[in-house]
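One structure is given here, and the rest of the page talks about it.
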Amino acid sequence: MDRSIEARARQVLDAIDGGRPIATFSGHDPDFALPDAYQVSDAVMTERVARGERVAGWKIGFTNSNIWNEYDVHAPIWGPMYDRTVRQVMAGGEISLAGLCEPRIEPEIAFRLKSAPEIGMDEAALLDCIDAVTHGFEIVQSIFPGWKFKAADTVAACALHGMYVHGELVSVEGDRAGWLERLAAFDMELVRDGVVVDRGTAGDVLGGPLSALRSMVDGMAMRPMSRPLAVGDLITTGTVTRAFPVASGERWTSRLDGLPLAGLDVRFSA
């Protein structure tokens, strides 16, 4: 392995494990680009698996074009999620933010794969690869101070993934036509301590979560990683609203209209 890739992967892991910020790679190396960043991401994944973590799925980031200018990132990215960073929660569950750097909350739709999708599939074909849908909150984090970075930095930093907490997985079997329609036309509200902070629609996520999945499937074909999409993977498709800072003591809920999924209701602790 390229020593610079290995060294950067170690920096990322040390920052995540220690909950401490580091300088951006692009700030030191203006030539640091997405191909390099996905190699770093792959090296981080290899190390996390070697120390006992299991890849549980994938997150897709920056699928909501409404936030592109805010973060100066203008295309989707992706990275692995792990059994230690993904879990199902009950209504009213408490979530610890311990160890996360500048955490922010994103309400998202996720899919569980029953077969591996292939490049070039349209949304209907991708839905045939899915057996269940869920809704959850991804807690993203930035190991780069102030959420200032380039796209390549975000990819190297595990696609900014901190954790993903989700509700019940709901089967799509028996009503695929209905799900195909609803996944392109739902609305969502994000609520902090009883006050609506933002609203979004399916169309804000690259036209719908299935379209976001399509962007990742096609994109990974150009930048393959050592561990591809696999049966049982949970893939969360990007935030429906803007992302907001989240702090201990806050209660966050979501409301969905147009999907047969319950909103989430969680409290955060230190």
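In the structure tokens, each chain is lettered A, B, ... as it comes, each chain's residues begin at 1, and ligands are numbered from 1 in order of appearance.
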**Report entry** Contacts of A:Asp187 at 7 Å (only C-alpha atoms; same-chain gap of 5+ positions) as a PyMOL selection string
**Finding:** chain A and resi 200-202+256-258
How would the residues just picked look written out with C-alpha atoms as a PDB file, in the first residue's frame?
```
ATOM      1  CA  GLY A 200     -37.839  18.266   2.951  1.00  0.00           C
ATOM      2  CA  THR A 201     -39.237  16.068   0.223  1.00  0.00           C
ATOM      3  CA  ALA A 202     -38.231  12.918  -1.586  1.00  0.00           C
ATOM      4  CA  LEU A 256     -43.227  11.462   7.545  1.00  0.00           C
ATOM      5  CA  ASP A 257     -46.114  11.928   5.151  1.00  0.00           C
ATOM      6  CA  GLY A 258     -46.513   9.610   2.179  1.00  0.00           C
TER       7      GLY A 258
END
```
Pull the closest atom pair for each residue of stretch 21-127 of chain A that gets at most 12 Å from stretch 188-193 of chain A, along with the distance in Å to one decimal, counting only C-alpha atoms, ordering rows by chain and then ascending residue number, as CSV.
```
residue,atom,partner,partner_atom,distance
A:Ile105,CA,A:Leu190,CA,9.5
A:Glu106,CA,A:Leu190,CA,8.7
A:Pro107,CA,A:Leu190,CA,7.2
A:Glu108,CA,A:Met188,CA,9.5
A:Ile109,CA,A:Met188,CA,10.4
```
Keeping only C-alpha atoms, write the selected residues to a file as a compact mmCIF listing (two decimals), in the first residue's frame.
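Result went into again-v5.txt, see below:
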```
# COMPACT_ATOMS: atom_id res chain seq x y z
CA ILE A 105 -28.28 15.15 12.62
CA GLU A 106 -29.73 14.07 9.27
CA PRO A 107 -33.11 12.33 8.75
CA GLU A 108 -32.74 9.65 6.10
CA ILE A 109 -34.37 6.70 4.35
```
For A:Glu6: contacts at 8 Å, only C-alpha atoms, fewer than 4 positions along chain excluded, given as a PDB file with N, CA, C and O atoms, in the first residue's frame:
```
ATOM      1  N   MET A   1       0.848  -1.197   0.000  1.00  0.00           N
ATOM      2  CA  MET A   1       0.000   0.000   0.000  1.00  0.00           C
ATOM      3  C   MET A   1       0.889   1.256   0.000  1.00  0.00           C
ATOM      4  O   MET A   1       1.921   1.296   0.670  1.00  0.00           O
ATOM      5  N   ASP A   2       0.446   2.264  -0.732  1.00  0.00           N
ATOM      6  CA  ASP A   2       1.117   3.554  -0.726  1.00  0.00           C
ATOM      7  C   ASP A   2       1.208   4.063   0.715  1.00  0.00           C
ATOM      8  O   ASP A   2       0.216   4.128   1.428  1.00  0.00           O
ATOM      9  N   ARG A  10      -4.395   6.060   9.015  1.00  0.00           N
ATOM     10  CA  ARG A  10      -4.088   6.029  10.443  1.00  0.00           C
ATOM     11  C   ARG A  10      -4.494   7.326  11.116  1.00  0.00           C
ATOM     12  O   ARG A  10      -5.034   7.324  12.243  1.00  0.00           O
ATOM     13  N   VAL A  40      -7.963   5.911   0.765  1.00  0.00           N
ATOM     14  CA  VAL A  40      -7.859   6.087   2.213  1.00  0.00           C
ATOM     15  C   VAL A  40      -9.057   5.447   2.903  1.00  0.00           C
ATOM     16  O   VAL A  40      -8.912   4.721   3.892  1.00  0.00           O
ATOM     17  N   ALA A  43      -8.629   1.797   3.019  1.00  0.00           N
ATOM     18  CA  ALA A  43      -7.626   1.408   4.000  1.00  0.00           C
ATOM     19  C   ALA A  43      -8.175   1.492   5.425  1.00  0.00           C
ATOM     20  O   ALA A  43      -7.877   0.632   6.270  1.00  0.00           O
TER      21      ALA A  43
END
```
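For stretch 170-201 of chain A, the set of residues given alpha helix (DSSP H) by DSSP on the backbone reads Arg176, Ala177, Gly178, Trp179, Leu180, Glu181 and Arg182 of chain A.
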For the residues selected in the previous step, produce a file with N, CA, C and O atoms as a tab-separated table (two decimals), in the first residue's frame.
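For reference, result-v1.tsv as written:
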```
chain	number	residue	atom	x	y	z
A	176	ARG	N	-44.51	-3.59	-4.59
A	176	ARG	CA	-43.36	-2.87	-5.13
A	176	ARG	C	-43.78	-1.65	-5.97
A	176	ARG	O	-43.12	-0.61	-5.93
A	177	ALA	N	-44.88	-1.76	-6.69
A	177	ALA	CA	-45.34	-0.61	-7.49
A	177	ALA	C	-45.69	0.55	-6.57
A	177	ALA	O	-45.36	1.71	-6.86
A	178	GLY	N	-46.35	0.24	-5.46
A	178	GLY	CA	-46.72	1.29	-4.51
A	178	GLY	C	-45.49	1.94	-3.88
A	178	GLY	O	-45.42	3.17	-3.74
A	179	TRP	N	-44.52	1.12	-3.50
A	179	TRP	CA	-43.30	1.66	-2.91
A	179	TRP	C	-42.52	2.51	-3.92
A	179	TRP	O	-41.96	3.55	-3.57
A	180	LEU	N	-42.49	2.07	-5.15
A	180	LEU	CA	-41.77	2.83	-6.18
A	180	LEU	C	-42.36	4.23	-6.30
A	180	LEU	O	-41.62	5.23	-6.41
A	181	GLU	N	-43.66	4.33	-6.25
A	181	GLU	CA	-44.34	5.62	-6.35
A	181	GLU	C	-44.12	6.46	-5.09
A	181	GLU	O	-43.79	7.65	-5.16
A	182	ARG	N	-44.28	5.83	-3.93
A	182	ARG	CA	-44.20	6.59	-2.68
A	182	ARG	C	-42.79	7.09	-2.39
A	182	ARG	O	-42.60	8.18	-1.84
```
Contacts of stretch 195-226 of chain A with stretch 114-137 of chain A up to 9 Å, shortest pair per row, only C-alpha atoms, as CSV:
```
residue,atom,partner,partner_atom,distance
A:Leu210,CA,A:Glu123,CA,5.5
A:Ser211,CA,A:Glu123,CA,6.3
A:Leu213,CA,A:Leu126,CA,7.9
A:Arg214,CA,A:Glu123,CA,7.0
A:Val217,CA,A:Ile119,CA,5.8
A:Asp218,CA,A:Ile119,CA,5.0
A:Gly219,CA,A:Ile119,CA,8.5
A:Met220,CA,A:Ile119,CA,8.5
A:Ala221,CA,A:Ile119,CA,6.7
```
Could the residues in this selection be saved with all heavy atoms as a PDB file, in the first residue's frame?
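Result file is out-v7.pdb:
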```
ATOM      1  N   LEU A 210     -34.234   6.115  -4.125  1.00  0.00           N
ATOM      2  CA  LEU A 210     -33.790   5.115  -5.098  1.00  0.00           C
ATOM      3  C   LEU A 210     -32.834   5.723  -6.119  1.00  0.00           C
ATOM      4  O   LEU A 210     -31.891   5.060  -6.572  1.00  0.00           O
ATOM      5  CB  LEU A 210     -34.994   4.481  -5.799  1.00  0.00           C
ATOM      6  CG  LEU A 210     -35.794   3.477  -4.968  1.00  0.00           C
ATOM      7  CD1 LEU A 210     -37.116   3.145  -5.652  1.00  0.00           C
ATOM      8  CD2 LEU A 210     -34.989   2.198  -4.728  1.00  0.00           C
ATOM      9  N   SER A 211     -33.059   6.976  -6.467  1.00  0.00           N
ATOM     10  CA  SER A 211     -32.139   7.650  -7.374  1.00  0.00           C
ATOM     11  C   SER A 211     -30.787   7.874  -6.709  1.00  0.00           C
ATOM     12  O   SER A 211     -29.736   7.801  -7.359  1.00  0.00           O
ATOM     13  CB  SER A 211     -32.730   8.991  -7.830  1.00  0.00           C
ATOM     14  OG  SER A 211     -33.938   8.789  -8.547  1.00  0.00           O
ATOM     15  N   LEU A 213     -29.510   5.868  -4.456  1.00  0.00           N
ATOM     16  CA  LEU A 213     -28.865   4.554  -4.508  1.00  0.00           C
ATOM     17  C   LEU A 213     -28.279   4.302  -5.890  1.00  0.00           C
ATOM     18  O   LEU A 213     -27.160   3.782  -6.017  1.00  0.00           O
ATOM     19  CB  LEU A 213     -29.881   3.465  -4.154  1.00  0.00           C
ATOM     20  CG  LEU A 213     -29.392   2.017  -4.252  1.00  0.00           C
ATOM     21  CD1 LEU A 213     -28.195   1.770  -3.352  1.00  0.00           C
ATOM     22  CD2 LEU A 213     -30.529   1.051  -3.924  1.00  0.00           C
ATOM     23  N   ARG A 214     -29.001   4.693  -6.903  1.00  0.00           N
ATOM     24  CA  ARG A 214     -28.509   4.512  -8.275  1.00  0.00           C
ATOM     25  C   ARG A 214     -27.185   5.257  -8.477  1.00  0.00           C
ATOM     26  O   ARG A 214     -26.248   4.736  -9.105  1.00  0.00           O
ATOM     27  CB  ARG A 214     -29.560   5.009  -9.262  1.00  0.00           C
ATOM     28  CG  ARG A 214     -29.211   4.827 -10.727  1.00  0.00           C
ATOM     29  CD  ARG A 214     -30.333   5.337 -11.605  1.00  0.00           C
ATOM     30  NE  ARG A 214     -30.068   5.089 -13.011  1.00  0.00           N
ATOM     31  CZ  ARG A 214     -30.911   5.404 -13.998  1.00  0.00           C
ATOM     32  NH1 ARG A 214     -32.073   5.973 -13.715  1.00  0.00           N
ATOM     33  NH2 ARG A 214     -30.596   5.154 -15.243  1.00  0.00           N
ATOM     34  N   VAL A 217     -24.414   3.141  -6.800  1.00  0.00           N
ATOM     35  CA  VAL A 217     -24.127   1.897  -7.526  1.00  0.00           C
ATOM     36  C   VAL A 217     -23.302   2.194  -8.766  1.00  0.00           C
ATOM     37  O   VAL A 217     -22.283   1.537  -9.032  1.00  0.00           O
ATOM     38  CB  VAL A 217     -25.432   1.165  -7.883  1.00  0.00           C
ATOM     39  CG1 VAL A 217     -25.151  -0.005  -8.811  1.00  0.00           C
ATOM     40  CG2 VAL A 217     -26.131   0.677  -6.614  1.00  0.00           C
ATOM     41  N   ASP A 218     -23.711   3.193  -9.523  1.00  0.00           N
ATOM     42  CA  ASP A 218     -22.973   3.549 -10.738  1.00  0.00           C
ATOM     43  C   ASP A 218     -21.616   4.151 -10.397  1.00  0.00           C
ATOM     44  O   ASP A 218     -20.612   3.903 -11.073  1.00  0.00           O
ATOM     45  CB  ASP A 218     -23.791   4.523 -11.586  1.00  0.00           C
ATOM     46  CG  ASP A 218     -25.025   3.871 -12.200  1.00  0.00           C
ATOM     47  OD1 ASP A 218     -25.164   2.635 -12.107  1.00  0.00           O
ATOM     48  OD2 ASP A 218     -25.866   4.603 -12.765  1.00  0.00           O
ATOM     49  N   GLY A 219     -21.549   4.949  -9.324  1.00  0.00           N
ATOM     50  CA  GLY A 219     -20.296   5.577  -8.941  1.00  0.00           C
ATOM     51  C   GLY A 219     -19.270   4.586  -8.426  1.00  0.00           C
ATOM     52  O   GLY A 219     -18.074   4.710  -8.717  1.00  0.00           O
ATOM     53  N   MET A 220     -19.728   3.580  -7.682  1.00  0.00           N
ATOM     54  CA  MET A 220     -18.793   2.576  -7.162  1.00  0.00           C
ATOM     55  C   MET A 220     -18.190   1.737  -8.279  1.00  0.00           C
ATOM     56  O   MET A 220     -17.098   1.181  -8.119  1.00  0.00           O
ATOM     57  CB  MET A 220     -19.487   1.665  -6.150  1.00  0.00           C
ATOM     58  CG  MET A 220     -19.698   2.311  -4.795  1.00  0.00           C
ATOM     59  SD  MET A 220     -20.305   1.158  -3.535  1.00  0.00           S
ATOM     60  CE  MET A 220     -18.796   0.258  -3.125  1.00  0.00           C
ATOM     61  N   ALA A 221     -18.878   1.648  -9.389  1.00  0.00           N
ATOM     62  CA  ALA A 221     -18.308   0.917 -10.526  1.00  0.00           C
ATOM     63  C   ALA A 221     -17.070   1.619 -11.055  1.00  0.00           C
ATOM     64  O   ALA A 221     -16.148   0.975 -11.566  1.00  0.00           O
ATOM     65  CB  ALA A 221     -19.355   0.778 -11.630  1.00  0.00           C
TER      66      ALA A 221
END
```
At a cut-off of 6 Å, using only C-alpha atoms, what residues contact stretch 155-160 of chain A? Leave out same-chain residues fewer than 4 positions from it and give the result as a CSV table (one decimal) with C-alpha atoms, in the first residue's frame.
```csv
chain,number,residue,atom,x,y,z
A,12,VAL,CA,-8.4,9.3,10.3
A,37,ALA,CA,-9.6,9.7,-0.8
A,40,VAL,CA,-7.9,6.1,2.2
A,41,SER,CA,-11.5,5.1,2.9
A,78,TRP,CA,-20.2,7.2,0.0
A,79,GLY,CA,-18.5,5.1,2.7
A,140,VAL,CA,-22.6,12.8,11.0
A,141,GLN,CA,-19.4,14.2,12.3
A,142,SER,CA,-16.5,16.3,11.1
```
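Taking atom CA of A:Asn66 and atom CA of A:Pro21 as endpoints, the distance between them is 26.2 Å.
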Report task. Can you work out the spacing between atom CA of A:Asp17 and atom CA of A:Thr241 in Å, to one decimal? Result -> 28.2 Å
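Taking atom CA of A:Val205 and atom CA of A:Val240 as endpoints, the distance between them is 6.0 Å.
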Which of stretch 91-158 of chain A fall in strand (DSSP E), as a PDB file with N, CA, C and O atoms, in the first residue's frame:
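The new file selection29.pdb reads:
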```
ATOM      1  N   GLY A  93     -35.898   6.373  22.756  1.00  0.00           N
ATOM      2  CA  GLY A  93     -34.574   5.862  23.080  1.00  0.00           C
ATOM      3  C   GLY A  93     -33.560   6.965  23.298  1.00  0.00           C
ATOM      4  O   GLY A  93     -33.692   8.069  22.757  1.00  0.00           O
ATOM      5  N   GLU A  94     -32.539   6.656  24.098  1.00  0.00           N
ATOM      6  CA  GLU A  94     -31.490   7.627  24.384  1.00  0.00           C
ATOM      7  C   GLU A  94     -30.232   7.273  23.608  1.00  0.00           C
ATOM      8  O   GLU A  94     -29.812   6.113  23.588  1.00  0.00           O
ATOM      9  N   ILE A  95     -29.642   8.273  22.972  1.00  0.00           N
ATOM     10  CA  ILE A  95     -28.470   8.088  22.127  1.00  0.00           C
ATOM     11  C   ILE A  95     -27.318   8.910  22.686  1.00  0.00           C
ATOM     12  O   ILE A  95     -27.453  10.116  22.890  1.00  0.00           O
ATOM     13  N   SER A  96     -26.175   8.271  22.916  1.00  0.00           N
ATOM     14  CA  SER A  96     -25.009   8.983  23.415  1.00  0.00           C
ATOM     15  C   SER A  96     -24.216   9.596  22.262  1.00  0.00           C
ATOM     16  O   SER A  96     -23.989   8.957  21.235  1.00  0.00           O
ATOM     17  N   ARG A 104     -23.806  16.367  13.853  1.00  0.00           N
ATOM     18  CA  ARG A 104     -25.003  16.947  13.247  1.00  0.00           C
ATOM     19  C   ARG A 104     -25.968  15.814  12.910  1.00  0.00           C
ATOM     20  O   ARG A 104     -25.557  14.672  12.705  1.00  0.00           O
ATOM     21  N   ILE A 105     -27.242  16.149  12.829  1.00  0.00           N
ATOM     22  CA  ILE A 105     -28.283  15.148  12.625  1.00  0.00           C
ATOM     23  C   ILE A 105     -28.884  15.273  11.233  1.00  0.00           C
ATOM     24  O   ILE A 105     -29.101  16.387  10.733  1.00  0.00           O
ATOM     25  N   GLU A 106     -29.148  14.122  10.608  1.00  0.00           N
ATOM     26  CA  GLU A 106     -29.732  14.069   9.269  1.00  0.00           C
ATOM     27  C   GLU A 106     -30.816  12.990   9.240  1.00  0.00           C
ATOM     28  O   GLU A 106     -30.528  11.822   9.520  1.00  0.00           O
ATOM     29  N   PRO A 107     -32.061  13.339   8.890  1.00  0.00           N
ATOM     30  CA  PRO A 107     -33.110  12.330   8.749  1.00  0.00           C
ATOM     31  C   PRO A 107     -33.041  11.673   7.367  1.00  0.00           C
ATOM     32  O   PRO A 107     -32.992  12.373   6.348  1.00  0.00           O
ATOM     33  N   GLU A 108     -33.019  10.351   7.348  1.00  0.00           N
ATOM     34  CA  GLU A 108     -32.742   9.648   6.097  1.00  0.00           C
ATOM     35  C   GLU A 108     -33.607   8.391   5.944  1.00  0.00           C
ATOM     36  O   GLU A 108     -34.086   7.819   6.913  1.00  0.00           O
ATOM     37  N   ILE A 109     -33.741   7.963   4.698  1.00  0.00           N
ATOM     38  CA  ILE A 109     -34.375   6.698   4.347  1.00  0.00           C
ATOM     39  C   ILE A 109     -33.274   5.703   4.003  1.00  0.00           C
ATOM     40  O   ILE A 109     -32.312   6.042   3.307  1.00  0.00           O
ATOM     41  N   ALA A 110     -33.429   4.472   4.506  1.00  0.00           N
ATOM     42  CA  ALA A 110     -32.423   3.439   4.238  1.00  0.00           C
ATOM     43  C   ALA A 110     -33.084   2.191   3.670  1.00  0.00           C
ATOM     44  O   ALA A 110     -34.255   1.903   3.947  1.00  0.00           O
ATOM     45  N   PHE A 111     -32.310   1.444   2.896  1.00  0.00           N
ATOM     46  CA  PHE A 111     -32.760   0.195   2.275  1.00  0.00           C
ATOM     47  C   PHE A 111     -31.910  -0.970   2.766  1.00  0.00           C
ATOM     48  O   PHE A 111     -30.711  -0.816   2.983  1.00  0.00           O
ATOM     49  N   ARG A 112     -32.540  -2.139   2.902  1.00  0.00           N
ATOM     50  CA  ARG A 112     -31.781  -3.367   3.149  1.00  0.00           C
ATOM     51  C   ARG A 112     -31.768  -4.198   1.878  1.00  0.00           C
ATOM     52  O   ARG A 112     -32.813  -4.459   1.275  1.00  0.00           O
ATOM     53  N   LEU A 113     -30.575  -4.611   1.464  1.00  0.00           N
ATOM     54  CA  LEU A 113     -30.424  -5.346   0.216  1.00  0.00           C
ATOM     55  C   LEU A 113     -30.736  -6.829   0.390  1.00  0.00           C
ATOM     56  O   LEU A 113     -30.284  -7.462   1.350  1.00  0.00           O
ATOM     57  N   ILE A 130     -34.122  -4.889  -3.142  1.00  0.00           N
ATOM     58  CA  ILE A 130     -34.365  -4.448  -1.764  1.00  0.00           C
ATOM     59  C   ILE A 130     -35.494  -5.270  -1.154  1.00  0.00           C
ATOM     60  O   ILE A 130     -36.501  -5.544  -1.821  1.00  0.00           O
ATOM     61  N   ASP A 131     -35.337  -5.666   0.107  1.00  0.00           N
ATOM     62  CA  ASP A 131     -36.435  -6.383   0.759  1.00  0.00           C
ATOM     63  C   ASP A 131     -37.109  -5.568   1.853  1.00  0.00           C
ATOM     64  O   ASP A 131     -38.216  -5.906   2.282  1.00  0.00           O
ATOM     65  N   ALA A 132     -36.482  -4.480   2.317  1.00  0.00           N
ATOM     66  CA  ALA A 132     -37.090  -3.696   3.395  1.00  0.00           C
ATOM     67  C   ALA A 132     -36.576  -2.265   3.364  1.00  0.00           C
ATOM     68  O   ALA A 132     -35.476  -1.981   2.874  1.00  0.00           O
ATOM     69  N   VAL A 133     -37.392  -1.380   3.929  1.00  0.00           N
ATOM     70  CA  VAL A 133     -37.087   0.049   4.001  1.00  0.00           C
ATOM     71  C   VAL A 133     -37.229   0.487   5.453  1.00  0.00           C
ATOM     72  O   VAL A 133     -38.074  -0.025   6.190  1.00  0.00           O
ATOM     73  N   THR A 134     -36.416   1.436   5.869  1.00  0.00           N
ATOM     74  CA  THR A 134     -36.544   2.002   7.204  1.00  0.00           C
ATOM     75  C   THR A 134     -36.225   3.491   7.174  1.00  0.00           C
ATOM     76  O   THR A 134     -35.719   4.012   6.167  1.00  0.00           O
ATOM     77  N   HIS A 135     -36.545   4.145   8.267  1.00  0.00           N
ATOM     78  CA  HIS A 135     -36.235   5.565   8.424  1.00  0.00           C
ATOM     79  C   HIS A 135     -35.381   5.732   9.671  1.00  0.00           C
ATOM     80  O   HIS A 135     -35.586   5.047  10.681  1.00  0.00           O
ATOM     81  N   GLY A 136     -34.398   6.607   9.595  1.00  0.00           N
ATOM     82  CA  GLY A 136     -33.563   6.829  10.761  1.00  0.00           C
ATOM     83  C   GLY A 136     -32.853   8.164  10.722  1.00  0.00           C
ATOM     84  O   GLY A 136     -33.031   8.967   9.799  1.00  0.00           O
ATOM     85  N   PHE A 137     -32.063   8.386  11.751  1.00  0.00           N
ATOM     86  CA  PHE A 137     -31.213   9.566  11.840  1.00  0.00           C
ATOM     87  C   PHE A 137     -29.763   9.131  11.661  1.00  0.00           C
ATOM     88  O   PHE A 137     -29.281   8.263  12.398  1.00  0.00           O
ATOM     89  N   GLU A 138     -29.073   9.734  10.702  1.00  0.00           N
ATOM     90  CA  GLU A 138     -27.635   9.576  10.681  1.00  0.00           C
ATOM     91  C   GLU A 138     -27.035  10.733  11.463  1.00  0.00           C
ATOM     92  O   GLU A 138     -27.385  11.895  11.231  1.00  0.00           O
ATOM     93  N   ILE A 139     -26.159  10.400  12.391  1.00  0.00           N
ATOM     94  CA  ILE A 139     -25.401  11.419  13.102  1.00  0.00           C
ATOM     95  C   ILE A 139     -24.047  11.489  12.416  1.00  0.00           C
ATOM     96  O   ILE A 139     -23.237  10.567  12.503  1.00  0.00           O
ATOM     97  N   VAL A 140     -23.869  12.561  11.687  1.00  0.00           N
ATOM     98  CA  VAL A 140     -22.614  12.760  10.966  1.00  0.00           C
ATOM     99  C   VAL A 140     -21.669  13.574  11.843  1.00  0.00           C
ATOM    100  O   VAL A 140     -22.100  14.270  12.770  1.00  0.00           O
TER     101      VAL A 140
END
```
